[in-house]
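Since the structure comes first, as structure tokens, the remarks are kept for the end.
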Amino acid sequence: MNFLEEVLKKRRSVRKLSSGKIVSDERIKEIVEFVYTYSPSAFNAQEHRAVVLLNDSHKKFWDIVKEALKKIVTDSKIFEKTEEKLNGFYNGYGTILFFIDTETVKKLEKAFTNYKDFFTTWANHGEGIAQILLWILLENEGLGASIQHYNPIIDNEVKRVFDIPQTWELVAQMPFGKPNEELKDKTFLPIEQKVIIKQ
Ligand SMILES: Cc1cc2nc3c(=O)[nH]c(=O)nc-3n(C[C@H](O)[C@H](O)[C@H](O)COP(=O)(O)O)c2cc1C
């Protein structure tokens with residue numbers, strides 16, 4: 001397979017999803033466990049955590065988001081739009097929650113004081129690496145996915161409902177499912193503005 005053309009170029013944010021089965025739950029589990037085994041982390045600290053929500057858990061999660069936003073978005077016209085966007089995720093197959101284990105980050109800061117100011121940044125870099133790996137791997141299976149950030153307004157309720165350790169900090173969410181939208185073309189800056197090659 002041509003990885004650049006067939007996988008990297010085809011990855012997009014798919015925000016309107018449906019729940020039709022594209023791959024088995026076992027395959028989803030395998031992909032997530034592979035990423036969380038082999039994805040790199042600074043000092044190999046492995047502070048990244050994931051929770052995979054399927055079926056009722058997935059739906060419960062998007063209900064939590066909707067309830068949290070309802071309290072903030074008081075204009076009913078604007079909330080209608082918000083709800084429409086959220087339904088695109090709710091109607092999907094599952095959601096991956098991304099966390100950083102802050103206890104591990106704190107231990108690193110204590111153990112390696114010269115680098116203490118960088119461990120949170122590096123934890124976030126590692127998160128991004130795990131997220132992009134999952135994004136392209138799920139899309140490679142025929143699923144659609146996107147990255148969302150409804151934290152921190154949902155953090156307490158998510159921890160309570162899904163029994164998440166207090167030291168895990170929610171940093172992103174990835175709803176996925178059967179793609180259910182025609183994507184608009186996106187624009188690209190001239191590559192010379194972004195990449196410099198010196199010989
Ligand atoms: C670090 C990062 C954060 C993002 N956060 C969100 C988000 O909170 N909600 C959302 O709908 N899309 C989010 N996106 C998706 C971007 O808007 C999207 O990747 C970009 O517009 C390019 O479109 P594409 O993903 O279809 O190629 C995020 C992307 C990145 C890389």
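So you can find residues: chains in the structure tokens are A, B, ... in the order shown, residues in each start at 1, and ligands are numbered from 1 in order.
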Per residue of chain A within 8 Å of ligand 1, note the shortest atom pair and the distance in Å to one decimal, counting only C-alpha atoms and all ligand atoms, and order the rows by chain and increasing residue number, as JSON lines.
```
{"residue": "A:Arg11", "atom": "CA", "partner": "ligand 1", "partner_atom_place_in_ligand_line": "27 (O)", "distance": 6.3}
{"residue": "A:Arg12", "atom": "CA", "partner": "ligand 1", "partner_atom_place_in_ligand_line": "26 (O)", "distance": 3.4}
{"residue": "A:Ser13", "atom": "CA", "partner": "ligand 1", "partner_atom_place_in_ligand_line": "26 (O)", "distance": 3.8}
{"residue": "A:Val14", "atom": "CA", "partner": "ligand 1", "partner_atom_place_in_ligand_line": "26 (O)", "distance": 6.8}
{"residue": "A:Arg15", "atom": "CA", "partner": "ligand 1", "partner_atom_place_in_ligand_line": "11 (O)", "distance": 6.9}
{"residue": "A:Gly128", "atom": "CA", "partner": "ligand 1", "partner_atom_place_in_ligand_line": "1 (C)", "distance": 7.0}
{"residue": "A:Ser146", "atom": "CA", "partner": "ligand 1", "partner_atom_place_in_ligand_line": "12 (N)", "distance": 6.3}
{"residue": "A:Ile147", "atom": "CA", "partner": "ligand 1", "partner_atom_place_in_ligand_line": "13 (C)", "distance": 5.0}
{"residue": "A:Gln148", "atom": "CA", "partner": "ligand 1", "partner_atom_place_in_ligand_line": "8 (O)", "distance": 3.7}
{"residue": "A:His149", "atom": "CA", "partner": "ligand 1", "partner_atom_place_in_ligand_line": "8 (O)", "distance": 4.2}
{"residue": "A:Tyr150", "atom": "CA", "partner": "ligand 1", "partner_atom_place_in_ligand_line": "8 (O)", "distance": 7.1}
{"residue": "A:Ala172", "atom": "CA", "partner": "ligand 1", "partner_atom_place_in_ligand_line": "8 (O)", "distance": 7.7}
{"residue": "A:Leu183", "atom": "CA", "partner": "ligand 1", "partner_atom_place_in_ligand_line": "26 (O)", "distance": 7.7}
{"residue": "A:Lys186", "atom": "CA", "partner": "ligand 1", "partner_atom_place_in_ligand_line": "23 (O)", "distance": 6.8}
```
Mind the document's chain letters and residue numbers, and return as a VMD selection string the residues of stretch 41-109 of chain A that DSSP labels alpha helix (DSSP H). chain A and resid 55 to 72 76 to 90 102 to 109
Please, which residues in stretch 78-152 of chain A fall within 9 Å of stretch 30-47 of chain A when counting only C-alpha atoms, and what is the closest atom pair and distance in Å to one decimal for each, ordered by chain then residue number, as a Markdown table?
```
| residue | atom | partner | partner_atom | distance |
| --- | --- | --- | --- | --- |
| A:Ile96 | CA | A:Val32 | CA | 8.9 |
| A:Phe99 | CA | A:Glu47 | CA | 8.5 |
| A:Ile100 | CA | A:Glu47 | CA | 5.7 |
| A:Asp101 | CA | A:Glu47 | CA | 5.1 |
| A:Thr102 | CA | A:Glu47 | CA | 7.5 |
| A:Glu103 | CA | A:Glu47 | CA | 8.4 |
| A:Thr104 | CA | A:Glu47 | CA | 5.8 |
| A:Val105 | CA | A:Glu47 | CA | 7.0 |
| A:Leu108 | CA | A:Ala45 | CA | 8.0 |
| A:Phe119 | CA | A:Ala42 | CA | 7.8 |
| A:Trp122 | CA | A:Ala42 | CA | 6.2 |
| A:Ala123 | CA | A:Glu47 | CA | 7.1 |
| A:His125 | CA | A:Ser41 | CA | 8.3 |
| A:Gly126 | CA | A:Ser41 | CA | 5.3 |
| A:Glu127 | CA | A:Ser41 | CA | 8.5 |
| A:Ile129 | CA | A:Ser39 | CA | 7.1 |
| A:Ala130 | CA | A:Ser39 | CA | 5.9 |
| A:Gln131 | CA | A:Val35 | CA | 8.9 |
| A:Leu133 | CA | A:Val35 | CA | 6.9 |
| A:Leu134 | CA | A:Val35 | CA | 6.9 |
| A:Leu137 | CA | A:Ile31 | CA | 7.3 |
| A:Leu138 | CA | A:Ile31 | CA | 7.9 |
```
Per-residue DSSP, stretch 44-142 of chain A, filtered to strand (DSSP E), as a list of chain:residue names: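 Everything in stretch 44-142 of chain A that counts as strand (DSSP E) is A:His48, A:Arg49, A:Ala50, A:Val51, A:Val52, A:Leu53, A:Leu54, A:Gly94, A:Thr95, A:Ile96, A:Leu97, A:Phe98, A:Phe99, A:Ile100, A:Asp101.
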When you draw a straight line from atom CA of A:Lys116 to atom CA of A:His48, how long is it in Å?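 Atom-to-atom, atom CA of A:Lys116 to atom CA of A:His48, that is 17.7 Å.
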Of the listed residues A:Gly94, A:Lys70, A:Glu84, A:Leu4, that which approaches A:Asp25 most closely, counting only C-alpha atoms: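 Residue with the minimum atom-to-atom distance to A:Asp25: A:Gly94.
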Using only C-alpha atoms, find each residue of stretch 29-147 of chain A with at least one atom at most 9 Å away from an atom of stretch 162-166 of chain A; report its shortest atom-to-atom pair and that distance in Å (one decimal), sort the rows by chain and rising residue number, and return the result as a Markdown table.
```
| residue | atom | partner | partner_atom | distance |
| --- | --- | --- | --- | --- |
| A:Val51 | CA | A:Ile164 | CA | 8.9 |
| A:Ser57 | CA | A:Phe162 | CA | 8.2 |
| A:Phe61 | CA | A:Phe162 | CA | 8.9 |
| A:Asp101 | CA | A:Pro165 | CA | 8.8 |
```
Just checking: using only C-alpha atoms, which residue out of A:Val158, A:Leu8, A:Leu54, A:Leu143 ends up closest to A:Gly177? A:Leu143
Just to confirm, what's the straight-line distance from atom CA of A:Leu17 to atom CA of A:Ile153 in Å (one decimal)?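 Here the two named atoms are 23.3 Å from each other.
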